[in-house]
Amino acid sequence: MDGTTYLSDYRPYPFTLDRVALTFRLAPKATRVMAKLHLSPREAGAALHLDGEQLKLISIAIDGQALKPADYLLSDTGLTVHPAALPEGAFTLATEVEIAPEDNTALEGLYMSNGMYCTQNEAEGFRKITFYPDRPDVMARFHVRIEGDKPVLLSNGNPVGQGEGWAEWDDPWPKPCYLFALVAGDLVATHGTFTTMSGRKVDLNVWVRPGDEDRTEYALGAIQRSMKWDEEAFGREYDLDLFNLVAVGDFNMGAMENKGLNIFNSKLVLASPETATDFDYERIEGVIGHEYFHNWTGDRITCRDWFQLCLKEGLTVFRDQSFTSDMRLGPVKRIEDVIALRTRQFREDAGPLAHPPRPDHYREINNFYTSTVYEKGAEVVRMLKTLLGDAGFRAAMDLYFARHDGQACTIEDWIKVFEDASGRDLSQFKRWYTDAGTPHLKVSERFESGTYTLSFRQSTRPTPGQDTKPPRLIPIAVGLLGPNGDELVPTQVLEMTEAEQSFRFEGLGAKPVPSILRGFSAPVVLERETSAEERAFLLAHDSDAFNRWEAGSALARDTLIAMTEGREAGSDYLDAIGTLIGDESLDPAFRALLLRLPFEDEIAQTIATRGGVADPDAIHAARETLARALAARHEAALSATYEACAVAGPYAPDAEPAGRRALRLVCLKLLSLVDAGARAEALYTAADNMTESLGALSVLIGLGKAEDKLAAFRAKWQDNPLVIDKWFTTQLALCPPEEAAERAAALAADPLFTWKNPNRFRALMGGLSANHAGFHRKDGAGYRFYADWLIRLDPLNPQTAARLSTAFETWARYDAGRQGKIRAELSRIAAQPGLSRDLSEMTARLLG
């Protein structure tokens with residue numbers, strides 16, 4: 001493919017860059033950027049190439065001497081200084097360029113967000129700020145001077161000087177340019193401090209627009225909890241005098257870990273009981289943790305090139321998942337993470353966008369910020385911990401930090417650390433990084449003369465560019481239960497290394513019930529013939545919380561699939577789940593997960609995995625029917641649990657009350673099918689927090705009884721962008737499927753649909769794609785609407801358009817009619833003149 005970058009083509013940069021001095025003279029239409037790069041040649045006779053896009057060159061000089069036009073070549077993608085114009089030894093290159101932040105709608109590089117200057121440089125945004133070697137393996141110390149009329153002027157590192165209209169910052173730690181940050185605006189801060197384990201005091205600031213400071217307390221606390229946890233769990237101490245976090249309203253990503261100056265999408269900072277849900281609070285804590293943990297796994301140790309992206313992102317997702325698990329209920333967090341993995345990453349692996357955690361080529365790196373890199377990357381790290389144990393994993397991490405601090409590393413460096421720390425050969429394990437696809441584990445069993453044998457066969461289906469997949473090292477956590485539910489064999493980790501392999505358990509008095517893949521010890525699809533009775537047994541008795549939930553979820557999936565195929569579905573699921581609704585020995589958050597029926601998209605994915613054709617209408621009808629049956633069968637238990645889970649006193653986002661609210665809202669949704677929404681009406685009226693208010697409203701939307709409340713909700717919150725985002729998403733995701741496309745069109749015409757804002761655009765489009773049967777409506781109206789808006793957004797914000805195009809990745813699951821309509825829309829997008837590289841690559845991959 002034209003413009004493709006290959007891992008095999010990597011070459012070190014032919015110059016070292018020790019120090020960088022930047023001066024910004026801010027102006028919306030004509031910001032001047034003066035850069036001084038202190039360079040030394042590593043290869044004699046090499047040309048100096050600097051990346052640069054959309055820059056107006058004002059001047060260029062070496063060691064104070066202006067270059068002549070013949071000394072360099074200027075193009076649309078960069079600046080190359082010819083070898084003859086370069087000194088033999090160290091030199092300083094000085095450039096001055098002009099850029100227009102106000103016109104930067106792509107939100108990449110330096111741009112303006114409602115009057116505030118802001119940067120986003122990962123992956124390759126810095127080349128839109130100044131001419132520079134824009135690659136992660138070039139690390140330098142930055143000194144920054146900012147001049148402008150904004151009252152707050154921020155950059156990386158520590159402040160070293162300020163006055164009227166200017167500020168200077170110095171970052172003592174070498175970093176690649178993708179971690180550079182600048183923010184300038186009318187901002188106010190919520191202040192705090194943290195004392196590190198060595199006794200240093202760190203000043204903390206959460207910067208927001210005036211009027212938002214009353215929603216920053218939770219974010220500040222999350223920073224402090226993250227710092228403390230990283231010291232305790234990994235021995236990592238913060239290394240600057242100051243930590244700044246800034247909330248920005250226009251942001252393509254969730255957040256960015258720029259050294260000492262984290263920039264966040266405002267939805268992941270601002271929270272109050274009236275405006276944020278329990279999910280928002282948990283997400284804020286997790287993402288703040290994630291970006292802070294990057295200080296060591298991403299900043300102090302970064303990636304050599306963008307092919308190694310999962311080295312920092314997968315590892316840091318694992319760290320933030322572990323943090324949230326410790327802050328909240330660990331087993332529930334693990335189940336939620338697996339649900340997210342299966343919902344996003346497994347479907348990615350099953351479609352045309354499948355790629356390994358470390359790909360070997362790309363055309364546009366922005367398109368590889370994927371669930372495979374992040375969530376599957378985290379699962380690979382988790383497997384290493386499972387294989388080495390807690391102590392072995394910590395020893396390897398300590399060695400990683402000691403050996404590679406201040407370096408730009410590769411997956412090979414990472415694997416070598418674990419080999420050296422453990423004495424193990426992990427060459428086979430490395431295939432998890434280089435091979436795409438989700439392995440399938442087919443299981444059979446035999447019991448004979450007190451010996452129980454489990455046999456496994458692993459296989460991975462072909463993916464784009466990879467037809468055959470050698471066996472991987474798969475850690476399989478297994479326990480065995482006796483006929484009375486007692487645990488006969490506690491959890492042990494079986495290491496599967498062959499395509500087919502058997503494991504024996506001896507000295508058993510009766511055939512056990514196996515609990516396989518405990519804690520979801522590997523990201524695989526488990527295929528095993530089992531009965532509804534056995535699943536009900538595991539649901540009732542398994543000591544492993546994940547497999548207990550998995551048994552109930554599998555029962556529900558099988559029941560729903562049988563219903564979609566017109567087969568008679570037994571009552572096993574309804575019988576089994578009924579005994580657990582009011583079981584107060586189980587945590588409410590865990591019961592909420594047990595009661596939640598699988599998403600329609602999950603059912604479609606399971607049907608496709610089994611070789612079937614998913615029918616969105618049949619899936620929707622089956623799920624509605626099963627929910628009604630569940631409500632009718634267990635109305636009394638659901639009602640009692642609903643009442644028992646009421647939370648008294650002021651709202652708190654902590655795990656215990658949040659779990660009770662989660663269970664209460666699941667019960668409410670089911671009870672609304674038998675009480676016509678009476679309880680939801682009452683809760684909506686009485687709710688004093690967004691979790692219950694939005695939960696009750698969601699129920700009423702599903703019943704078609706929310707139009708007046710939606711209008712009142714809009715009127716109340718129209719000046720709060722983050723709440724209005726919820727208004728867009730919720731009504732579209734939960735409205736009747738037959739109305740989805742028309743409602744989407746009506747919402748797109750609403751004056752509040754400020755579509756150039758990424759959050760608002762995602763709110764609408766994400767709501768439509770989340771309405772599974774509505775998006776996949778047989779007449780293709782959902783597809784047409786979605787494609788129209790991707791085409792409209794692409795010229796202004798190609799990153800967001802490309803990322804949202806993944807809604808089409810599952811086209812192969814469905815019937816020929818739907819497949820044809822999706823492919824027609826993708827072809828229409830691909831044929832647009834001037835299509836961005838981002839969206840062009842995505843449509844080409846989606847079309848195969």
# chains A, B, ... in the order shown; residues from 1 in each chain; ligands from 1
>>> residues_around(residues="region 818-825 of chain A", least_positions_apart="5", cutoff="8 Å", atoms="only C-alpha atoms", output="list of chain:residue names")
A:His776, A:Lys778, A:Gly780, A:Tyr783, A:Arg784, A:Ala787, A:Phe808, A:Trp811, A:Ala812, A:Leu847
>>> closest_atom_pairs(of="region 367-422 of chain A", to="region 467-473 of chain A", cutoff="12 Å", atoms="only C-alpha atoms", output="Markdown table")
| residue | atom | partner | partner_atom | distance |
| --- | --- | --- | --- | --- |
| A:Val380 | CA | A:Leu473 | CA | 10.9 |
| A:Met383 | CA | A:Leu473 | CA | 9.6 |
| A:Leu384 | CA | A:Leu473 | CA | 10.4 |
| A:Thr386 | CA | A:Leu473 | CA | 11.9 |
| A:Leu387 | CA | A:Leu473 | CA | 9.9 |
>>> write_last_selection(atoms="all heavy atoms", output="compact mmCIF listing (two decimals), in the first residue's frame")
# COMPACT_ATOMS: atom_id res chain seq x y z
N VAL A 380 -1.79 -9.73 27.68
CA VAL A 380 -0.50 -10.39 27.49
C VAL A 380 0.38 -10.16 28.72
O VAL A 380 1.06 -11.07 29.21
CB VAL A 380 0.18 -9.90 26.20
CG1 VAL A 380 1.55 -10.56 26.04
CG2 VAL A 380 -0.69 -10.22 24.98
N MET A 383 -0.83 -12.37 31.51
CA MET A 383 -0.38 -13.75 31.37
C MET A 383 1.05 -13.92 31.86
O MET A 383 1.39 -14.94 32.47
CB MET A 383 -0.51 -14.21 29.92
CG MET A 383 -1.94 -14.50 29.48
SD MET A 383 -2.02 -15.28 27.85
CE MET A 383 -1.61 -13.91 26.78
N LEU A 384 1.90 -12.92 31.61
CA LEU A 384 3.27 -12.99 32.14
C LEU A 384 3.24 -13.07 33.66
O LEU A 384 3.99 -13.85 34.27
CB LEU A 384 4.07 -11.77 31.69
CG LEU A 384 4.66 -11.80 30.28
CD1 LEU A 384 5.25 -10.43 29.93
CD2 LEU A 384 5.72 -12.88 30.15
N THR A 386 0.82 -14.23 35.48
CA THR A 386 0.29 -15.55 35.84
C THR A 386 1.37 -16.61 35.75
O THR A 386 1.48 -17.49 36.62
CB THR A 386 -0.88 -15.91 34.90
OG1 THR A 386 -1.93 -14.95 35.07
CG2 THR A 386 -1.42 -17.30 35.20
N LEU A 387 2.19 -16.54 34.73
CA LEU A 387 3.25 -17.54 34.53
C LEU A 387 4.37 -17.40 35.55
O LEU A 387 4.92 -18.40 36.01
CB LEU A 387 3.82 -17.41 33.11
CG LEU A 387 2.89 -17.83 31.97
CD1 LEU A 387 3.44 -17.37 30.63
CD2 LEU A 387 2.68 -19.34 31.97
>>> residues_around(residues="Arg358 (chain A)", least_positions_apart="4", cutoff="8 Å", atoms="only C-alpha atoms", output="list in words")
Phe307, Gln308, Leu309, Cys310, Val373, Tyr433 and Thr434 of chain A
>>> write_last_selection(atoms="N, CA, C and O atoms", output="compact mmCIF listing (two decimals), in the first residue's frame")
# COMPACT_ATOMS: atom_id res chain seq x y z
N PHE A 307 5.61 0.89 16.24
CA PHE A 307 5.25 -0.53 16.22
C PHE A 307 5.24 -1.12 17.63
O PHE A 307 4.58 -2.12 17.89
N GLN A 308 5.98 -0.48 18.53
CA GLN A 308 6.09 -0.97 19.92
C GLN A 308 5.03 -0.32 20.82
O GLN A 308 5.15 -0.34 22.04
N LEU A 309 3.99 0.26 20.24
CA LEU A 309 3.00 1.02 21.01
C LEU A 309 2.44 0.22 22.18
O LEU A 309 2.22 0.76 23.27
N CYS A 310 2.20 -1.08 21.97
CA CYS A 310 1.61 -1.88 23.05
C CYS A 310 2.58 -2.04 24.22
O CYS A 310 2.16 -2.39 25.33
N VAL A 373 -4.12 -3.27 20.76
CA VAL A 373 -2.91 -2.70 21.35
C VAL A 373 -3.11 -2.47 22.85
O VAL A 373 -2.23 -2.79 23.66
N TYR A 433 2.58 -11.32 20.95
CA TYR A 433 2.80 -9.96 20.46
C TYR A 433 2.81 -9.89 18.93
O TYR A 433 2.47 -8.86 18.36
N THR A 434 3.20 -10.96 18.28
CA THR A 434 3.42 -10.90 16.83
C THR A 434 2.34 -11.57 16.00
O THR A 434 2.29 -11.37 14.79
>>> atom_distance(atom1="CA of Val269 (chain A)", atom2="CA of Ala219 (chain A)")
5.6 Å
>>> residues_around(residues="Gly330 (chain A)", least_positions_apart="6", cutoff="12 Å", atoms="only C-alpha atoms", output="list in words")
Gln321, Ser322, Phe323, Thr324, Glu336, Asp337, Gly519, Asp544, Ala545, Phe546, Asp587, Ala589, Phe590 and Ala655 of chain A
>>> write_last_selection(atoms="N, CA, C and O atoms", output="short mmCIF file (atom, residue, chain, number, x, y, z; two decimals), in the first residue's frame")
data_model
loop_
_atom_site.label_atom_id
_atom_site.label_comp_id
_atom_site.auth_asym_id
_atom_site.auth_seq_id
_atom_site.Cartn_x
_atom_site.Cartn_y
_atom_site.Cartn_z
N GLN A 321 -5.78 -1.21 35.29
CA GLN A 321 -6.78 -2.21 35.69
C GLN A 321 -6.47 -2.75 37.09
O GLN A 321 -7.39 -2.94 37.90
N SER A 322 -5.20 -2.97 37.37
CA SER A 322 -4.81 -3.47 38.70
C SER A 322 -5.11 -2.42 39.77
O SER A 322 -5.56 -2.76 40.87
N PHE A 323 -4.87 -1.17 39.46
CA PHE A 323 -5.16 -0.07 40.37
C PHE A 323 -6.66 -0.01 40.69
O PHE A 323 -7.06 0.01 41.87
N THR A 324 -7.48 -0.03 39.66
CA THR A 324 -8.93 0.02 39.89
C THR A 324 -9.40 -1.21 40.65
O THR A 324 -10.28 -1.12 41.51
N GLU A 336 -15.71 -7.07 34.38
CA GLU A 336 -15.98 -5.91 33.52
C GLU A 336 -14.90 -5.76 32.45
O GLU A 336 -15.21 -5.44 31.29
N ASP A 337 -13.65 -6.00 32.82
CA ASP A 337 -12.56 -5.90 31.84
C ASP A 337 -12.69 -6.97 30.76
O ASP A 337 -12.41 -6.72 29.58
N GLY A 519 -10.45 -16.89 36.30
CA GLY A 519 -9.95 -15.52 36.22
C GLY A 519 -9.69 -15.07 34.81
O GLY A 519 -9.08 -14.03 34.59
N ASP A 544 -14.41 -19.54 42.04
CA ASP A 544 -13.81 -18.51 41.20
C ASP A 544 -14.92 -17.58 40.70
O ASP A 544 -15.83 -18.03 39.98
N ALA A 545 -14.86 -16.31 41.06
CA ALA A 545 -15.94 -15.38 40.73
C ALA A 545 -16.12 -15.24 39.23
O ALA A 545 -17.25 -15.18 38.73
N PHE A 546 -15.01 -15.19 38.48
CA PHE A 546 -15.15 -15.03 37.03
C PHE A 546 -15.89 -16.22 36.43
O PHE A 546 -16.83 -16.06 35.65
N ASP A 587 -21.83 -9.95 46.70
CA ASP A 587 -21.75 -8.50 46.59
C ASP A 587 -22.80 -7.99 45.60
O ASP A 587 -23.03 -8.61 44.56
N ALA A 589 -22.73 -5.59 43.43
CA ALA A 589 -22.18 -5.34 42.10
C ALA A 589 -22.03 -6.65 41.32
O ALA A 589 -22.25 -6.69 40.10
N PHE A 590 -21.68 -7.72 42.01
CA PHE A 590 -21.56 -9.03 41.36
C PHE A 590 -22.93 -9.54 40.94
O PHE A 590 -23.11 -10.05 39.83
N ALA A 655 -17.24 2.14 46.01
CA ALA A 655 -17.62 0.85 45.43
C ALA A 655 -18.89 0.28 46.06
O ALA A 655 -19.76 -0.25 45.34
#
>>> select_by_dssp(residues="region 251-433 of chain A", states="helix (DSSP H, G or I)", output="NGL selection string")
:A and (266-268 or 278-293 or 306-327 or 330-349 or 365-368 or 371-404 or 411-422 or 431-433)
>>> select_by_dssp(residues="region 54-150 of chain A", states="strand (DSSP E)", output="PDB file with N, CA and C atoms, in the first residue's frame")
ATOM      1  N   LYS A  56       4.712  27.328   7.995  1.00  0.00           N
ATOM      2  CA  LYS A  56       5.250  28.393   7.153  1.00  0.00           C
ATOM      3  C   LYS A  56       6.638  28.730   7.674  1.00  0.00           C
ATOM      4  N   LEU A  57       7.650  28.422   6.886  1.00  0.00           N
ATOM      5  CA  LEU A  57       9.028  28.648   7.312  1.00  0.00           C
ATOM      6  C   LEU A  57       9.363  30.134   7.198  1.00  0.00           C
ATOM      7  N   ILE A  58       9.844  30.717   8.315  1.00  0.00           N
ATOM      8  CA  ILE A  58      10.235  32.126   8.333  1.00  0.00           C
ATOM      9  C   ILE A  58      11.749  32.257   8.206  1.00  0.00           C
ATOM     10  N   SER A  59      12.485  31.435   8.950  1.00  0.00           N
ATOM     11  CA  SER A  59      13.945  31.516   8.872  1.00  0.00           C
ATOM     12  C   SER A  59      14.555  30.192   9.300  1.00  0.00           C
ATOM     13  N   ILE A  60      15.801  29.965   8.870  1.00  0.00           N
ATOM     14  CA  ILE A  60      16.544  28.777   9.252  1.00  0.00           C
ATOM     15  C   ILE A  60      18.025  29.125   9.287  1.00  0.00           C
ATOM     16  N   ALA A  61      18.715  28.698  10.355  1.00  0.00           N
ATOM     17  CA  ALA A  61      20.135  29.016  10.498  1.00  0.00           C
ATOM     18  C   ALA A  61      20.843  27.897  11.244  1.00  0.00           C
ATOM     19  N   ILE A  62      22.128  27.755  11.001  1.00  0.00           N
ATOM     20  CA  ILE A  62      22.987  26.822  11.727  1.00  0.00           C
ATOM     21  C   ILE A  62      24.096  27.628  12.388  1.00  0.00           C
ATOM     22  N   GLN A  65      24.259  31.240  11.517  1.00  0.00           N
ATOM     23  CA  GLN A  65      24.448  31.608  10.116  1.00  0.00           C
ATOM     24  C   GLN A  65      23.237  31.166   9.298  1.00  0.00           C
ATOM     25  N   ALA A  66      22.550  32.121   8.671  1.00  0.00           N
ATOM     26  CA  ALA A  66      21.363  31.800   7.875  1.00  0.00           C
ATOM     27  C   ALA A  66      21.722  30.885   6.712  1.00  0.00           C
ATOM     28  N   TYR A  72      18.998  23.566   1.554  1.00  0.00           N
ATOM     29  CA  TYR A  72      17.964  22.690   2.109  1.00  0.00           C
ATOM     30  C   TYR A  72      16.835  22.495   1.107  1.00  0.00           C
ATOM     31  N   LEU A  73      16.045  21.468   1.378  1.00  0.00           N
ATOM     32  CA  LEU A  73      14.888  21.153   0.538  1.00  0.00           C
ATOM     33  C   LEU A  73      13.643  21.189   1.412  1.00  0.00           C
ATOM     34  N   LEU A  74      12.662  21.967   1.008  1.00  0.00           N
ATOM     35  CA  LEU A  74      11.417  22.098   1.758  1.00  0.00           C
ATOM     36  C   LEU A  74      10.307  21.398   0.988  1.00  0.00           C
ATOM     37  N   GLY A  78       8.228  17.881   5.188  1.00  0.00           N
ATOM     38  CA  GLY A  78       9.381  18.121   6.035  1.00  0.00           C
ATOM     39  C   GLY A  78      10.426  19.020   5.413  1.00  0.00           C
ATOM     40  N   LEU A  79      11.536  19.066   6.122  1.00  0.00           N
ATOM     41  CA  LEU A  79      12.666  19.917   5.748  1.00  0.00           C
ATOM     42  C   LEU A  79      13.920  19.057   5.792  1.00  0.00           C
ATOM     43  N   THR A  80      14.696  19.078   4.718  1.00  0.00           N
ATOM     44  CA  THR A  80      15.949  18.314   4.660  1.00  0.00           C
ATOM     45  C   THR A  80      17.111  19.266   4.403  1.00  0.00           C
ATOM     46  N   VAL A  81      18.074  19.283   5.317  1.00  0.00           N
ATOM     47  CA  VAL A  81      19.286  20.077   5.141  1.00  0.00           C
ATOM     48  C   VAL A  81      20.336  19.177   4.508  1.00  0.00           C
ATOM     49  N   PHE A  91      26.323  21.032  16.440  1.00  0.00           N
ATOM     50  CA  PHE A  91      25.851  22.311  15.933  1.00  0.00           C
ATOM     51  C   PHE A  91      24.453  22.594  16.466  1.00  0.00           C
ATOM     52  N   THR A  92      24.038  23.831  16.306  1.00  0.00           N
ATOM     53  CA  THR A  92      22.701  24.259  16.711  1.00  0.00           C
ATOM     54  C   THR A  92      21.931  24.703  15.484  1.00  0.00           C
ATOM     55  N   LEU A  93      20.776  24.066  15.271  1.00  0.00           N
ATOM     56  CA  LEU A  93      19.888  24.448  14.177  1.00  0.00           C
ATOM     57  C   LEU A  93      18.779  25.308  14.756  1.00  0.00           C
ATOM     58  N   ALA A  94      18.585  26.494  14.205  1.00  0.00           N
ATOM     59  CA  ALA A  94      17.531  27.404  14.660  1.00  0.00           C
ATOM     60  C   ALA A  94      16.528  27.619  13.530  1.00  0.00           C
ATOM     61  N   THR A  95      15.264  27.409  13.838  1.00  0.00           N
ATOM     62  CA  THR A  95      14.212  27.666  12.860  1.00  0.00           C
ATOM     63  C   THR A  95      13.132  28.538  13.489  1.00  0.00           C
ATOM     64  N   GLU A  96      12.446  29.260  12.635  1.00  0.00           N
ATOM     65  CA  GLU A  96      11.257  29.996  13.050  1.00  0.00           C
ATOM     66  C   GLU A  96      10.156  29.693  12.049  1.00  0.00           C
ATOM     67  N   VAL A  97       8.994  29.299  12.578  1.00  0.00           N
ATOM     68  CA  VAL A  97       7.863  28.969  11.715  1.00  0.00           C
ATOM     69  C   VAL A  97       6.625  29.696  12.228  1.00  0.00           C
ATOM     70  N   GLU A  98       5.625  29.725  11.357  1.00  0.00           N
ATOM     71  CA  GLU A  98       4.330  30.315  11.732  1.00  0.00           C
ATOM     72  C   GLU A  98       3.239  29.274  11.517  1.00  0.00           C
ATOM     73  N   ILE A  99       2.328  29.173  12.502  1.00  0.00           N
ATOM     74  CA  ILE A  99       1.198  28.251  12.425  1.00  0.00           C
ATOM     75  C   ILE A  99      -0.078  28.984  12.846  1.00  0.00           C
ATOM     76  N   GLY A 109      -1.454  18.603  17.092  1.00  0.00           N
ATOM     77  CA  GLY A 109      -0.461  19.659  17.139  1.00  0.00           C
ATOM     78  C   GLY A 109      -0.917  20.718  18.128  1.00  0.00           C
ATOM     79  N   LEU A 110      -0.704  22.009  17.806  1.00  0.00           N
ATOM     80  CA  LEU A 110      -1.176  23.118  18.644  1.00  0.00           C
ATOM     81  C   LEU A 110      -2.481  23.640  18.049  1.00  0.00           C
ATOM     82  N   TYR A 111      -3.543  23.646  18.847  1.00  0.00           N
ATOM     83  CA  TYR A 111      -4.847  24.095  18.357  1.00  0.00           C
ATOM     84  C   TYR A 111      -5.545  24.896  19.440  1.00  0.00           C
ATOM     85  N   MET A 112      -6.700  25.433  19.093  1.00  0.00           N
ATOM     86  CA  MET A 112      -7.472  26.208  20.061  1.00  0.00           C
ATOM     87  C   MET A 112      -8.789  25.503  20.359  1.00  0.00           C
ATOM     88  N   SER A 113      -9.140  25.470  21.649  1.00  0.00           N
ATOM     89  CA  SER A 113     -10.396  24.888  22.111  1.00  0.00           C
ATOM     90  C   SER A 113     -11.161  25.958  22.873  1.00  0.00           C
ATOM     91  N   MET A 116      -8.846  28.549  24.250  1.00  0.00           N
ATOM     92  CA  MET A 116      -7.696  28.039  24.996  1.00  0.00           C
ATOM     93  C   MET A 116      -6.735  27.342  24.039  1.00  0.00           C
ATOM     94  N   TYR A 117      -5.436  27.662  24.140  1.00  0.00           N
ATOM     95  CA  TYR A 117      -4.423  26.960  23.368  1.00  0.00           C
ATOM     96  C   TYR A 117      -4.142  25.606  24.020  1.00  0.00           C
ATOM     97  N   CYS A 118      -3.982  24.594  23.189  1.00  0.00           N
ATOM     98  CA  CYS A 118      -3.790  23.238  23.698  1.00  0.00           C
ATOM     99  C   CYS A 118      -3.008  22.433  22.678  1.00  0.00           C
ATOM    100  N   THR A 119      -2.281  21.418  23.138  1.00  0.00           N
ATOM    101  CA  THR A 119      -1.561  20.535  22.218  1.00  0.00           C
ATOM    102  C   THR A 119      -2.029  19.093  22.359  1.00  0.00           C
ATOM    103  N   GLN A 120      -1.907  18.363  21.274  1.00  0.00           N
ATOM    104  CA  GLN A 120      -2.012  16.902  21.272  1.00  0.00           C
ATOM    105  C   GLN A 120      -1.020  16.407  20.236  1.00  0.00           C
ATOM    106  N   ALA A 140      15.086  14.176  24.128  1.00  0.00           N
ATOM    107  CA  ALA A 140      15.877  15.363  24.452  1.00  0.00           C
ATOM    108  C   ALA A 140      15.273  16.090  25.647  1.00  0.00           C
ATOM    109  N   ARG A 141      16.084  16.947  26.272  1.00  0.00           N
ATOM    110  CA  ARG A 141      15.594  17.805  27.345  1.00  0.00           C
ATOM    111  C   ARG A 141      15.036  19.087  26.734  1.00  0.00           C
ATOM    112  N   PHE A 142      13.858  19.509  27.216  1.00  0.00           N
ATOM    113  CA  PHE A 142      13.164  20.660  26.644  1.00  0.00           C
ATOM    114  C   PHE A 142      13.185  21.851  27.621  1.00  0.00           C
ATOM    115  N   HIS A 143      13.500  23.017  27.081  1.00  0.00           N
ATOM    116  CA  HIS A 143      13.306  24.287  27.788  1.00  0.00           C
ATOM    117  C   HIS A 143      12.327  25.107  26.939  1.00  0.00           C
ATOM    118  N   VAL A 144      11.271  25.619  27.565  1.00  0.00           N
ATOM    119  CA  VAL A 144      10.178  26.233  26.815  1.00  0.00           C
ATOM    120  C   VAL A 144       9.868  27.616  27.380  1.00  0.00           C
ATOM    121  N   ARG A 145       9.752  28.580  26.500  1.00  0.00           N
ATOM    122  CA  ARG A 145       9.279  29.923  26.854  1.00  0.00           C
ATOM    123  C   ARG A 145       7.973  30.170  26.099  1.00  0.00           C
ATOM    124  N   ILE A 146       6.954  30.611  26.826  1.00  0.00           N
ATOM    125  CA  ILE A 146       5.652  30.899  26.236  1.00  0.00           C
ATOM    126  C   ILE A 146       5.350  32.375  26.446  1.00  0.00           C
ATOM    127  N   GLU A 147       5.006  33.057  25.362  1.00  0.00           N
ATOM    128  CA  GLU A 147       4.631  34.465  25.427  1.00  0.00           C
ATOM    129  C   GLU A 147       3.217  34.614  24.865  1.00  0.00           C
TER     130      GLU A 147
END
